[in-house]
file entry_35.cif (mmCIF, C-alpha atoms)
data_target
loop_
_atom_site.group_PDB
_atom_site.id
_atom_site.type_symbol
_atom_site.label_atom_id
_atom_site.label_comp_id
_atom_site.auth_asym_id
_atom_site.auth_seq_id
_atom_site.Cartn_x
_atom_site.Cartn_y
_atom_site.Cartn_z
ATOM 1 C CA MET V 1 -29.623 28.899 18.139
ATOM 2 C CA VAL V 2 -32.972 30.542 17.332
ATOM 3 C CA ALA V 3 -31.660 31.748 13.973
ATOM 4 C CA LEU V 4 -30.317 28.279 13.243
ATOM 5 C CA VAL V 5 -33.662 26.663 13.979
ATOM 6 C CA THR V 6 -35.593 29.153 11.860
ATOM 7 C CA SER V 7 -33.326 28.908 8.838
ATOM 8 C CA ARG V 8 -33.185 25.119 8.727
ATOM 9 C CA LEU V 9 -36.881 24.233 8.834
ATOM 10 C CA TRP V 10 -37.328 23.808 5.087
ATOM 11 C CA PHE V 11 -34.139 21.783 4.750
ATOM 12 C CA VAL V 12 -34.990 19.455 7.600
ATOM 13 C CA THR V 13 -38.331 18.756 5.975
ATOM 14 C CA LEU V 14 -36.565 17.759 2.778
ATOM 15 C CA ALA V 15 -33.966 15.591 4.513
ATOM 16 C CA THR V 16 -36.613 13.861 6.615
ATOM 17 C CA VAL V 17 -38.742 13.128 3.566
ATOM 18 C CA VAL V 18 -35.832 11.798 1.517
ATOM 19 C CA LEU V 19 -34.774 9.497 4.348
ATOM 20 C CA ALA V 20 -38.317 8.203 4.840
ATOM 21 C CA VAL V 21 -38.047 5.780 1.911
ATOM 22 C CA GLY V 22 -41.708 4.805 1.120
ATOM 23 C CA CYS V 23 -41.363 6.529 -2.237
ATOM 24 C CA ARG V 24 -40.819 5.781 -5.901
ATOM 25 C CA ALA V 25 -37.063 6.150 -6.193
ATOM 26 C CA LYS V 26 -34.537 4.822 -8.703
ATOM 27 C CA SER V 27 -31.337 3.327 -7.263
ATOM 28 C CA ARG V 28 -27.972 2.428 -8.719
ATOM 29 C CA SER V 29 -24.564 1.505 -7.256
ATOM 30 C CA HIS V 30 -21.242 3.316 -7.530
ATOM 31 C CA ALA V 31 -22.585 6.205 -9.571
ATOM 32 C CA THR V 32 -20.088 8.925 -10.433
ATOM 33 C CA GLY V 33 -22.376 11.829 -11.320
ATOM 34 C CA GLY V 34 -21.576 14.852 -9.150
ATOM 35 C CA ALA V 35 -18.820 12.941 -7.327
ATOM 36 C CA MET V 36 -16.462 15.921 -7.120
ATOM 37 C CA THR V 37 -19.135 18.100 -5.558
ATOM 38 C CA VAL V 38 -20.108 15.353 -3.143
ATOM 39 C CA ASN V 39 -16.473 14.697 -2.218
ATOM 40 C CA ALA V 40 -15.923 18.405 -1.606
ATOM 41 C CA ALA V 41 -18.905 18.522 0.768
ATOM 42 C CA VAL V 42 -17.527 15.536 2.698
ATOM 43 C CA ARG V 43 -14.030 17.032 2.926
ATOM 44 C CA ASN V 44 -15.404 20.396 4.081
ATOM 45 C CA LEU V 45 -17.334 18.614 6.831
ATOM 46 C CA PHE V 46 -14.226 16.833 8.123
ATOM 47 C CA ASP V 47 -12.173 20.037 7.950
ATOM 48 C CA ALA V 48 -14.702 21.694 10.261
ATOM 49 C CA TRP V 49 -14.846 18.607 12.500
ATOM 50 C CA ASN V 50 -11.053 18.571 12.862
ATOM 51 C CA ALA V 51 -11.232 22.238 13.868
ATOM 52 C CA GLY V 52 -13.944 21.491 16.463
ATOM 53 C CA ASP V 53 -16.101 24.186 14.867
ATOM 54 C CA VAL V 54 -19.718 23.426 15.844
ATOM 55 C CA ALA V 55 -21.003 26.650 14.287
ATOM 56 C CA LYS V 56 -19.363 25.912 10.941
ATOM 57 C CA LEU V 57 -20.697 22.350 10.930
ATOM 58 C CA ALA V 58 -24.195 23.684 11.580
ATOM 59 C CA ALA V 59 -23.758 26.293 8.853
ATOM 60 C CA GLN V 60 -22.732 23.573 6.386
ATOM 61 C CA ASN V 61 -26.044 21.890 7.091
ATOM 62 C CA ASP V 62 -27.703 25.159 6.051
ATOM 63 C CA ALA V 63 -25.738 25.548 2.796
ATOM 64 C CA ALA V 64 -28.729 24.828 0.518
ATOM 65 C CA ILE V 65 -31.320 26.853 2.427
ATOM 66 C CA VAL V 66 -31.350 29.719 -0.101
ATOM 67 C CA GLN V 67 -32.793 27.399 -2.736
ATOM 68 C CA SER V 68 -34.503 24.858 -0.469
ATOM 69 C CA HIS V 69 -37.986 26.247 -1.199
ATOM 70 C CA ARG V 70 -37.481 25.021 -4.793
ATOM 71 C CA MET V 71 -36.418 21.492 -3.790
ATOM 72 C CA ALA V 72 -39.729 20.119 -2.557
ATOM 73 C CA SER V 73 -43.278 21.173 -1.877
ATOM 74 C CA CYS V 74 -44.539 19.654 1.401
ATOM 75 C CA PRO V 75 -48.116 20.789 2.155
ATOM 76 C CA LYS V 76 -48.368 18.543 5.229
ATOM 77 C CA ARG V 77 -45.169 19.815 6.843
ATOM 78 C CA ASN V 78 -45.402 20.320 10.600
ATOM 79 C CA ALA V 79 -43.295 23.195 11.940
ATOM 80 C CA ALA V 80 -43.113 21.700 15.447
ATOM 81 C CA SER V 81 -41.686 18.392 14.193
ATOM 82 C CA ASP V 82 -39.292 20.279 11.928
ATOM 83 C CA GLN V 83 -37.958 22.259 14.882
ATOM 84 C CA HIS V 84 -37.526 19.056 16.886
ATOM 85 C CA GLU V 85 -35.426 17.554 14.075
ATOM 86 C CA VAL V 86 -33.318 20.717 13.822
ATOM 87 C CA GLU V 87 -32.555 20.734 17.542
ATOM 88 C CA LYS V 88 -31.812 17.007 17.470
ATOM 89 C CA THR V 89 -29.305 17.507 14.638
ATOM 90 C CA TYR V 90 -27.612 20.414 16.413
ATOM 91 C CA SER V 91 -27.231 18.258 19.540
ATOM 92 C CA GLU V 92 -25.782 15.459 17.407
ATOM 93 C CA ILE V 93 -23.155 17.833 16.002
ATOM 94 C CA ALA V 94 -22.201 19.141 19.454
ATOM 95 C CA ARG V 95 -21.884 15.595 20.851
ATOM 96 C CA ALA V 96 -19.704 14.473 17.947
ATOM 97 C CA VAL V 97 -17.319 17.414 18.358
ATOM 98 C CA ALA V 98 -17.025 16.857 22.121
ATOM 99 C CA ARG V 99 -16.609 13.080 21.737
ATOM 100 C CA GLU V 100 -13.797 13.270 19.173
ATOM 101 C CA ARG V 101 -11.966 16.299 20.602
ATOM 102 C CA GLY V 102 -8.202 15.899 20.213
ATOM 103 C CA ARG V 103 -8.495 13.565 17.217
ATOM 104 C CA THR V 104 -7.597 14.499 13.656
ATOM 105 C CA PHE V 105 -9.316 12.724 10.757
ATOM 106 C CA THR V 106 -7.600 12.223 7.422
ATOM 107 C CA ILE V 107 -9.717 10.884 4.557
ATOM 108 C CA VAL V 108 -7.870 8.024 2.869
ATOM 109 C CA ASN V 109 -10.586 6.925 0.444
ATOM 110 C CA ILE V 110 -14.109 7.981 -0.567
ATOM 111 C CA VAL V 111 -16.526 5.633 -2.327
ATOM 112 C CA ASN V 112 -20.059 6.574 -3.434
ATOM 113 C CA ASP V 113 -21.561 3.291 -2.276
ATOM 114 C CA THR V 114 -25.144 3.820 -3.442
ATOM 115 C CA THR V 115 -27.020 6.564 -5.240
ATOM 116 C CA THR V 116 -30.787 7.107 -5.191
ATOM 117 C CA ILE V 117 -32.526 9.498 -7.606
ATOM 118 C CA TYR V 118 -35.799 11.247 -6.744
ATOM 119 C CA PRO V 119 -37.169 12.732 -10.014
ATOM 120 C CA ALA V 120 -38.860 16.121 -10.011
ATOM 121 C CA GLY V 121 -42.633 15.873 -9.838
ATOM 122 C CA GLU V 122 -42.823 12.298 -8.511
ATOM 123 C CA PRO V 123 -44.510 12.258 -5.077
ATOM 124 C CA LEU V 124 -42.488 11.204 -2.057
ATOM 125 C CA SER V 125 -43.900 10.053 1.274
ATOM 126 C CA ASP V 126 -46.083 12.436 3.308
ATOM 127 C CA GLY V 127 -47.356 14.113 0.128
ATOM 128 C CA CYS V 128 -44.112 15.964 -0.629
ATOM 129 C CA ILE V 129 -43.248 16.582 -4.282
ATOM 130 C CA PRO V 130 -39.681 17.433 -5.426
ATOM 131 C CA GLU V 131 -39.650 20.483 -7.663
ATOM 132 C CA VAL V 132 -36.140 19.629 -8.873
ATOM 133 C CA GLU V 133 -34.351 16.291 -9.167
ATOM 134 C CA ILE V 134 -32.856 15.254 -5.836
ATOM 135 C CA VAL V 135 -29.973 12.772 -5.646
ATOM 136 C CA SER V 136 -29.106 10.996 -2.396
ATOM 137 C CA TYR V 137 -25.656 9.456 -1.977
ATOM 138 C CA ARG V 138 -24.533 7.016 0.705
ATOM 139 C CA VAL V 139 -20.793 7.605 0.879
ATOM 140 C CA LYS V 140 -18.349 5.215 2.548
ATOM 141 C CA LEU V 141 -15.062 6.546 3.902
ATOM 142 C CA ASP V 142 -11.766 5.014 4.959
ATOM 143 C CA LEU V 143 -10.150 7.244 7.574
ATOM 144 C CA SER V 144 -6.818 7.561 9.338
ATOM 145 C CA VAL V 145 -7.219 9.026 12.829
ATOM 146 C CA ALA V 146 -4.368 10.644 14.771
ATOM 147 C CA HIS V 147 -4.635 10.895 18.563
ATOM 148 C CA GLN V 148 -1.956 11.485 21.202
ATOM 149 C CA GLY V 149 0.923 10.400 18.984
ATOM 150 C CA THR V 150 -0.751 7.287 17.591
ATOM 151 C CA THR V 151 -2.806 6.611 14.482
ATOM 152 C CA TYR V 152 -5.479 4.035 13.772
ATOM 153 C CA ALA V 153 -7.799 3.149 10.911
ATOM 154 C CA GLN V 154 -11.516 3.832 11.040
ATOM 155 C CA SER V 155 -14.433 3.675 8.613
ATOM 156 C CA ALA V 156 -17.434 5.961 8.327
ATOM 157 C CA THR V 157 -20.672 6.356 6.396
ATOM 158 C CA VAL V 158 -22.263 9.690 5.512
ATOM 159 C CA LYS V 159 -25.393 10.667 3.547
ATOM 160 C CA VAL V 160 -25.057 13.499 1.074
ATOM 161 C CA PHE V 161 -27.962 15.118 -0.821
ATOM 162 C CA GLN V 162 -27.551 16.971 -4.092
ATOM 163 C CA ALA V 163 -29.927 19.238 -6.026
ATOM 164 C CA ASP V 164 -29.247 21.800 -8.746
ATOM 165 C CA GLY V 165 -25.566 20.851 -8.665
ATOM 166 C CA MET V 166 -25.217 21.743 -4.973
ATOM 167 C CA ALA V 167 -24.324 19.046 -2.410
ATOM 168 C CA PHE V 168 -25.048 19.253 1.296
ATOM 169 C CA ILE V 169 -24.945 17.009 4.373
ATOM 170 C CA MET V 170 -27.498 16.589 7.135
ATOM 171 C CA GLY V 171 -26.107 15.473 10.488
ATOM 172 C CA MET V 172 -22.753 13.860 11.160
ATOM 173 C CA PRO V 173 -21.076 10.763 9.698
ATOM 174 C CA ALA V 174 -21.647 7.412 11.403
ATOM 175 C CA LEU V 175 -18.237 6.196 12.602
ATOM 176 C CA SER V 176 -17.248 2.597 13.204
ATOM 177 C CA GLY V 177 -15.758 0.982 16.296
ATOM 178 C CA CYS V 178 -15.504 2.745 19.647
ATOM 179 C CA SER V 179 -16.761 6.063 18.246
ATOM 180 C CA GLY V 180 -19.956 4.482 16.972
ATOM 181 C CA ALA V 181 -20.574 2.672 20.250
ATOM 182 C CA ILE V 182 -20.003 5.752 22.431
ATOM 183 C CA ASP V 183 -22.077 7.922 20.087
ATOM 184 C CA ARG V 184 -24.990 5.517 20.433
ATOM 185 C CA VAL V 185 -24.707 5.529 24.219
ATOM 186 C CA ASN V 186 -24.487 9.336 24.322
ATOM 187 C CA ALA V 187 -27.643 9.647 22.232
ATOM 188 C CA ILE V 188 -29.527 7.216 24.497
ATOM 189 C CA GLU V 189 -28.309 9.061 27.601
ATOM 190 C CA ALA V 190 -29.517 12.381 26.194
ATOM 191 C CA ARG V 191 -32.916 10.919 25.332
ATOM 192 C CA ASP V 192 -33.401 9.029 28.613
ATOM 193 C CA LYS V 193 -31.754 11.732 30.759
ATOM 194 C CA GLN V 194 -29.379 9.218 32.338
ATOM 195 C CA GLN V 195 -25.615 9.148 32.506
ATOM 196 C CA ARG V 196 -23.158 6.238 32.356
ATOM 197 C CA ASN V 197 -20.042 8.360 31.700
ATOM 198 C CA LEU V 198 -18.583 5.993 29.113
ATOM 199 C CA LYS V 199 -15.527 7.560 27.485
ATOM 200 C CA LEU V 200 -14.087 7.031 24.034
ATOM 201 C CA ASP V 201 -10.543 6.910 25.432
ATOM 202 C CA ALA V 202 -11.510 4.113 27.832
ATOM 203 C CA CYS V 203 -12.941 2.017 25.004
ATOM 204 C CA GLN V 204 -9.714 2.336 23.055
ATOM 205 C CA THR V 205 -7.134 2.059 25.839
ATOM 206 C CA GLU V 206 -8.898 -0.812 27.612
ATOM 207 C CA GLY V 207 -9.374 -2.666 24.347
ATOM 208 C CA TRP V 208 -13.106 -3.338 24.569
ATOM 209 C CA SER V 209 -14.068 -6.511 22.736
ATOM 210 C CA THR V 210 -15.757 -6.403 19.329
ATOM 211 C CA ARG V 211 -18.770 -8.075 20.917
ATOM 212 C CA LYS V 212 -19.077 -5.344 23.525
ATOM 213 C CA ILE V 213 -18.622 -2.535 20.988
ATOM 214 C CA ASP V 214 -21.196 -4.033 18.603
ATOM 215 C CA CYS V 215 -23.607 -4.574 21.495
ATOM 216 C CA LEU V 216 -23.401 -0.902 22.534
ATOM 217 C CA ALA V 217 -23.574 0.344 18.928
ATOM 218 C CA ASN V 218 -26.942 -1.410 18.530
ATOM 219 C CA ALA V 219 -28.410 -0.596 21.958
ATOM 220 C CA ARG V 220 -31.916 0.885 21.978
ATOM 221 C CA SER V 221 -32.309 1.832 25.638
ATOM 222 C CA ILE V 222 -30.312 2.478 28.795
ATOM 223 C CA VAL V 223 -31.242 -1.054 29.914
ATOM 224 C CA ASP V 224 -29.616 -2.401 26.738
ATOM 225 C CA VAL V 225 -26.506 -0.337 27.507
ATOM 226 C CA ASP V 226 -26.271 -1.798 30.992
ATOM 227 C CA ASP V 227 -26.754 -5.315 29.664
ATOM 228 C CA CYS V 228 -23.940 -4.751 27.160
ATOM 229 C CA LEU V 229 -21.621 -3.474 29.872
ATOM 230 C CA HIS V 230 -22.270 -6.347 32.263
ATOM 231 C CA THR V 231 -22.456 -9.278 29.877
ATOM 232 C CA THR V 232 -19.582 -8.502 27.514
ATOM 233 C CA LEU V 233 -16.667 -7.858 29.828
ATOM 234 C CA THR V 234 -13.299 -7.072 28.248
ATOM 235 C CA LEU V 235 -11.438 -10.309 28.983
ATOM 236 C CA THR V 236 -8.764 -12.316 27.189
ATOM 237 C CA TRP V 237 -9.746 -15.508 29.002
ATOM 238 C CA LYS V 238 -13.047 -17.248 29.640
ATOM 239 C CA LEU V 239 -14.835 -16.696 32.933
ATOM 240 C CA PRO V 240 -15.821 -19.773 34.973
ATOM 241 C CA PRO V 241 -19.489 -20.849 34.436
ATOM 242 C CA ALA V 242 -20.387 -19.724 37.960
ATOM 243 C CA CYS V 243 -19.216 -16.210 37.145
ATOM 244 C CA LEU V 244 -20.998 -16.106 33.800
ATOM 245 C CA ALA V 245 -24.204 -16.899 35.715
ATOM 246 C CA TYR V 246 -23.301 -14.130 38.173
ATOM 247 C CA VAL V 247 -22.894 -11.639 35.295
ATOM 248 C CA ASP V 248 -26.368 -12.542 34.016
ATOM 249 C CA ALA V 249 -27.807 -12.043 37.496
ATOM 250 C CA ILE V 250 -26.241 -8.586 37.711
ATOM 251 C CA ALA V 251 -27.900 -7.588 34.431
ATOM 252 C CA LYS V 252 -31.267 -8.391 36.018
ATOM 253 C CA LEU V 253 -30.314 -6.644 39.242
ATOM 254 C CA GLU V 254 -29.622 -3.398 37.338
ATOM 255 C CA ARG V 255 -33.334 -3.186 36.560
ATOM 256 C CA CYS V 256 -34.409 -3.406 40.204
ATOM 257 C CA LYS V 257 -35.676 -0.356 42.004
ATOM 258 C CA PRO V 258 -32.930 1.347 44.065
ATOM 259 C CA SER V 259 -32.263 0.019 47.542
ATOM 260 C CA ALA V 260 -29.312 -0.033 49.915
ATOM 261 C CA ARG V 261 -28.927 -3.775 49.478
ATOM 262 C CA ARG V 262 -29.068 -3.564 45.712
ATOM 263 C CA ASP V 263 -26.421 -0.820 45.695
ATOM 264 C CA ALA V 264 -24.195 -2.877 47.992
ATOM 265 C CA LEU V 265 -24.388 -5.872 45.652
ATOM 266 C CA LEU V 266 -23.593 -3.721 42.642
ATOM 267 C CA ALA V 267 -20.562 -2.327 44.472
ATOM 268 C CA ILE V 268 -19.358 -5.889 45.056
ATOM 269 C CA TYR V 269 -19.877 -6.641 41.383
ATOM 270 C CA ASP V 270 -17.824 -3.596 40.342
ATOM 271 C CA ALA V 271 -14.987 -4.781 42.571
ATOM 272 C CA ASN V 272 -15.192 -8.265 41.078
ATOM 273 C CA ALA V 273 -15.146 -6.903 37.540
ATOM 274 C CA ALA V 274 -11.988 -4.945 38.341
ATOM 275 C CA MET V 275 -10.417 -8.122 39.756
ATOM 276 C CA TRP V 276 -11.359 -10.101 36.621
ATOM 277 C CA LYS V 277 -9.678 -7.520 34.410
ATOM 278 C CA ARG V 278 -6.508 -7.606 36.525
ATOM 279 C CA GLY V 279 -6.520 -11.393 36.316
ATOM 280 C CA ALA V 280 -6.952 -11.293 32.544
ATOM 281 C CA ARG V 281 -3.998 -8.958 32.173
ATOM 282 C CA ALA V 282 -1.590 -10.222 34.828
ATOM 283 C CA ASP V 283 -2.691 -13.775 35.680
ATOM 284 C CA ASP V 284 -3.613 -12.587 39.159
ATOM 285 C CA LEU V 285 -3.772 -15.521 41.605
ATOM 286 C CA ALA V 286 -6.902 -14.001 43.166
ATOM 287 C CA VAL V 287 -8.955 -15.285 40.232
ATOM 288 C CA LEU V 288 -8.469 -18.852 41.477
ATOM 289 C CA ASP V 289 -11.144 -18.183 44.105
ATOM 290 C CA LEU V 290 -13.603 -16.779 41.545
ATOM 291 C CA PRO V 291 -15.995 -19.760 41.150
ATOM 292 C CA GLU V 292 -16.680 -20.005 44.887
ATOM 293 C CA HIS V 293 -16.886 -16.222 45.218
ATOM 294 C CA CYS V 294 -19.302 -15.922 42.275
ATOM 295 C CA ASP V 295 -21.544 -18.672 43.609
ATOM 296 C CA ALA V 296 -21.851 -16.852 46.942
ATOM 297 C CA ALA V 297 -22.509 -13.512 45.241
ATOM 298 C CA ARG V 298 -25.165 -15.083 42.988
ATOM 299 C CA SER V 299 -26.895 -16.515 46.070
ATOM 300 C CA ASN V 300 -27.132 -13.010 47.549
ATOM 301 C CA ILE V 301 -28.764 -11.735 44.364
ATOM 302 C CA ASP V 302 -31.166 -14.689 44.230
ATOM 303 C CA ALA V 303 -32.197 -13.967 47.826
ATOM 304 C CA LEU V 304 -32.861 -10.335 46.922
ATOM 305 C CA PHE V 305 -35.113 -11.367 44.046
ATOM 306 C CA ALA V 306 -36.938 -13.831 46.337
ATOM 307 C CA ALA V 307 -37.596 -10.919 48.685
ATOM 308 C CA GLY V 308 -39.372 -8.959 45.959
ATOM 309 C CA CYS V 309 -36.808 -7.339 43.664
ATOM 310 C CA ASN V 310 -38.129 -7.420 40.089
#

call {"tool": "encode", "arguments": {"input": "entry_35.cif", "output": "structure tokens"}}
result
Amino acid sequence: MVALVTSRLWFVTLATVVLAVGCRAKSRSHATGGAMTVNAAVRNLFDAWNAGDVAKLAAQNDAAIVQSHRMASCPKRNAASDQHEVEKTYSEIARAVARERGRTFTIVNIVNDTTTIYPAGEPLSDGCIPEVEIVSYRVKLDLSVAHQGTTYAQSATVKVFQADGMAFIMGMPALSGCSGAIDRVNAIEARDKQQRNLKLDACQTEGWSTRKIDCLANARSIVDVDDCLHTTLTLTWKLPPACLAYVDAIAKLERCKPSARRDALLAIYDANAAMWKRGARADDLAVLDLPEHCDAARSNIDALFAAGCN
């Protein structure tokens, strides 16, 4: 890991600068220049991902290091921030490999969606100056994913940088659907040092709603994650108004400081949520009592807030 951090400092500086727009760049759509090299870099990344090879994925991020000192001059570069970015990227790679373990990606289609050119000698943000022309591609992918005897379609977006005819990738592709939602939650958990144990398999087998997936994919904090989980339940029928109000109350309760009473109410909520899902799937007669049950549960939460929960 130490060798990885040391070797990638220059490259991380470049990638960070290129991503930090605020510069005089020329853009065009669907450019084809260097497409074969870019496509090869993308395919090599997915080959390593399918193999679960974290070390190879990290090494691919280092592919341009030999010439990176020629790519940009950055007099204001901060080594400490560079190392932070390197470690963050390594963690991202490890999480992606663990999250998608057992899945095999096949690239169905690659489209260079946008291309941005950074000419040599034209200053970028933070005082950096490219010493060679740098081209940034945003590549869109259509994927076929095989997992436990089934296949499903998925899309992805990846950023590829090219200089002196050599293409390289920083970080991992952003995947759509359940993968994107779980990846976002995992990153928030790592940052906030909290754990919700959301699993990719659960998202797919339980058929989480598009609303819930999109909510999690755009979460910014662990509080957002909890709100997404408790206000976008996976249901094929509409909850009674009393229970929708109860769900909103639970989202507030999650932010209360821990107490035995709070934990007891959350346990009741978890049991109710399980009952709602059974009712949605099997028309369970128990759901007929939901409005009265939810009203009573909401009253308990209201009383807790009146007693000082905030």

call {"tool": "resolve_selection", "arguments": {"input": "entry_35.cif", "expression": "the PyMOL selection byres ((chain V and resi 89) around 10)", "output": "PyMOL selection string"}}
result
chain V and resi 12+58+61+83-88+90-95+170-172

call {"tool": "resolve_selection", "arguments": {"input": "entry_35.cif", "expression": "the PyMOL selection byres ((chain V and resi 42) around 12)", "output": "PyMOL selection string"}}
result
chain V and resi 35-41+43-49+57+60-61+105-107+109-112+137-141+156-161+167-173

call {"tool": "atom_distance", "arguments": {"input": "entry_35.cif", "atom1": "CA of Val185 in chain V", "atom2": "CA of Arg298 in chain V"}}
result
27.9 Å

call {"tool": "atom_distance", "arguments": {"input": "entry_35.cif", "atom1": "CA of Ala251 in chain V", "atom2": "CA of Gln195 in chain V"}}
result
17.0 Å

call {"tool": "resolve_selection", "arguments": {"input": "entry_35.cif", "expression": "the PyMOL selection byres ((chain V and resi 176) around 9)", "output": "PDB file with C-alpha atoms, in the coordinates of the input"}}
result
ATOM      1  CA  GLN V 154     -11.516   3.832  11.040  1.00  0.00           C
ATOM      2  CA  SER V 155     -14.433   3.675   8.613  1.00  0.00           C
ATOM      3  CA  ALA V 156     -17.434   5.961   8.327  1.00  0.00           C
ATOM      4  CA  THR V 157     -20.672   6.356   6.396  1.00  0.00           C
ATOM      5  CA  ALA V 174     -21.647   7.412  11.403  1.00  0.00           C
ATOM      6  CA  LEU V 175     -18.237   6.196  12.602  1.00  0.00           C
ATOM      7  CA  GLY V 177     -15.758   0.982  16.296  1.00  0.00           C
ATOM      8  CA  CYS V 178     -15.504   2.745  19.647  1.00  0.00           C
ATOM      9  CA  SER V 179     -16.761   6.063  18.246  1.00  0.00           C
ATOM     10  CA  GLY V 180     -19.956   4.482  16.972  1.00  0.00           C
ATOM     11  CA  ALA V 181     -20.574   2.672  20.250  1.00  0.00           C
ATOM     12  CA  ALA V 217     -23.574   0.344  18.928  1.00  0.00           C
TER      13      ALA V 217
END

call {"tool": "atom_distance", "arguments": {"input": "entry_35.cif", "atom1": "CA of Leu244 in chain V", "atom2": "CA of His293 in chain V"}}
result
12.1 Å

call {"tool": "residues_near_point", "arguments": {"input": "entry_35.cif", "point": "(-11.2, 2.5, 22.1)", "cutoff": "10 Å", "atoms": "only C-alpha atoms", "output": "list of chain:residue names"}}
result
V:Gly177, V:Cys178, V:Ser179, V:Ala181, V:Ile182, V:Lys199, V:Leu200, V:Asp201, V:Ala202, V:Cys203, V:Gln204, V:Thr205, V:Glu206, V:Gly207, V:Trp208, V:Ser209, V:Ile213

call {"tool": "residues_near_point", "arguments": {"input": "entry_35.cif", "point": "(-45.6, 19.5, -1.3)", "cutoff": "8 Å", "atoms": "only C-alpha atoms", "output": "compact mmCIF listing (two decimals) with C-alpha atoms, in the frame of the given file"}}
result
# COMPACT_ATOMS: atom_id res chain seq x y z
CA ALA V 72 -39.73 20.12 -2.56
CA SER V 73 -43.28 21.17 -1.88
CA CYS V 74 -44.54 19.65 1.40
CA PRO V 75 -48.12 20.79 2.15
CA LYS V 76 -48.37 18.54 5.23
CA GLY V 127 -47.36 14.11 0.13
CA CYS V 128 -44.11 15.96 -0.63
CA ILE V 129 -43.25 16.58 -4.28
CA PRO V 130 -39.68 17.43 -5.43

call {"tool": "closest_residue", "arguments": {"input": "entry_35.cif", "among": "V:Val97, V:Leu143, V:Leu198, V:Ala80", "to": "Gly52 in chain V", "atoms": "all atoms listed in the file"}}
result
V:Val97

call {"tool": "axis_aligned_box", "arguments": {"input": "entry_35.cif", "around": "range 168-177 of chain V", "padding_each_side": "5 Å", "output": "AutoDock Vina command-line options"}}
result
--center_x -21.6 --center_y 10.1 --center_z 8.8 --size_x 21.7 --size_y 28.3 --size_z 25.0

call {"tool": "closest_residue", "arguments": {"input": "entry_35.cif", "among": "V:Met71, V:Val135, V:Leu304, V:Leu290", "to": "Asp263 in chain V", "atoms": "only C-alpha atoms"}}
result
V:Leu304

call {"tool": "closest_residue", "arguments": {"input": "entry_35.cif", "among": "V:Arg262, V:Lys56, V:Arg255, V:Arg211", "to": "Ala297 in chain V", "atoms": "only C-alpha atoms"}}
result
V:Arg262

call {"tool": "residues_around", "arguments": {"input": "entry_35.cif", "residues": "Ala267 in chain V", "least_positions_apart": "6", "cutoff": "12 Å", "atoms": "all atoms listed in the file", "output": "tab-separated table (two decimals) with C-alpha atoms, in the coordinates of the input"}}
result
chain	number	residue	atom	x	y	z
V	250	ILE	CA	-26.24	-8.59	37.71
V	253	LEU	CA	-30.31	-6.64	39.24
V	254	GLU	CA	-29.62	-3.40	37.34
V	260	ALA	CA	-29.31	-0.03	49.92
V	261	ARG	CA	-28.93	-3.78	49.48
V	273	ALA	CA	-15.15	-6.90	37.54
V	274	ALA	CA	-11.99	-4.94	38.34
V	297	ALA	CA	-22.51	-13.51	45.24

call {"tool": "build_atoms", "arguments": {"input": "entry_35.cif", "residues": "range 157-168 of chain V", "atoms": "N, CA and C atoms", "output": "PDB file, in the coordinates of the input"}}
result
ATOM      1  N   THR V 157     -19.643   6.251   7.425  1.00  0.00           N
ATOM      2  CA  THR V 157     -20.672   6.356   6.396  1.00  0.00           C
ATOM      3  C   THR V 157     -21.366   7.706   6.563  1.00  0.00           C
ATOM      4  N   VAL V 158     -21.597   8.390   5.446  1.00  0.00           N
ATOM      5  CA  VAL V 158     -22.263   9.690   5.512  1.00  0.00           C
ATOM      6  C   VAL V 158     -23.255   9.792   4.355  1.00  0.00           C
ATOM      7  N   LYS V 159     -24.394  10.448   4.583  1.00  0.00           N
ATOM      8  CA  LYS V 159     -25.393  10.667   3.547  1.00  0.00           C
ATOM      9  C   LYS V 159     -25.278  12.092   3.029  1.00  0.00           C
ATOM     10  N   VAL V 160     -25.187  12.202   1.719  1.00  0.00           N
ATOM     11  CA  VAL V 160     -25.057  13.499   1.074  1.00  0.00           C
ATOM     12  C   VAL V 160     -26.222  13.661   0.095  1.00  0.00           C
ATOM     13  N   PHE V 161     -26.858  14.830   0.091  1.00  0.00           N
ATOM     14  CA  PHE V 161     -27.962  15.118  -0.821  1.00  0.00           C
ATOM     15  C   PHE V 161     -27.514  16.187  -1.818  1.00  0.00           C
ATOM     16  N   GLN V 162     -27.951  16.032  -3.057  1.00  0.00           N
ATOM     17  CA  GLN V 162     -27.551  16.971  -4.092  1.00  0.00           C
ATOM     18  C   GLN V 162     -28.764  17.398  -4.912  1.00  0.00           C
ATOM     19  N   ALA V 163     -28.862  18.693  -5.180  1.00  0.00           N
ATOM     20  CA  ALA V 163     -29.927  19.238  -6.026  1.00  0.00           C
ATOM     21  C   ALA V 163     -29.395  20.492  -6.701  1.00  0.00           C
ATOM     22  N   ASP V 164     -29.719  20.651  -7.967  1.00  0.00           N
ATOM     23  CA  ASP V 164     -29.247  21.800  -8.746  1.00  0.00           C
ATOM     24  C   ASP V 164     -27.726  21.940  -8.677  1.00  0.00           C
ATOM     25  N   GLY V 165     -27.018  20.815  -8.665  1.00  0.00           N
ATOM     26  CA  GLY V 165     -25.566  20.851  -8.665  1.00  0.00           C
ATOM     27  C   GLY V 165     -24.939  21.234  -7.340  1.00  0.00           C
ATOM     28  N   MET V 166     -25.730  21.347  -6.280  1.00  0.00           N
ATOM     29  CA  MET V 166     -25.217  21.743  -4.973  1.00  0.00           C
ATOM     30  C   MET V 166     -25.380  20.577  -3.994  1.00  0.00           C
ATOM     31  N   ALA V 167     -24.301  20.173  -3.345  1.00  0.00           N
ATOM     32  CA  ALA V 167     -24.324  19.046  -2.410  1.00  0.00           C
ATOM     33  C   ALA V 167     -24.317  19.555  -0.977  1.00  0.00           C
ATOM     34  N   PHE V 168     -25.012  18.860  -0.114  1.00  0.00           N
ATOM     35  CA  PHE V 168     -25.048  19.253   1.296  1.00  0.00           C
ATOM     36  C   PHE V 168     -25.276  18.023   2.161  1.00  0.00           C
TER      37      PHE V 168
END
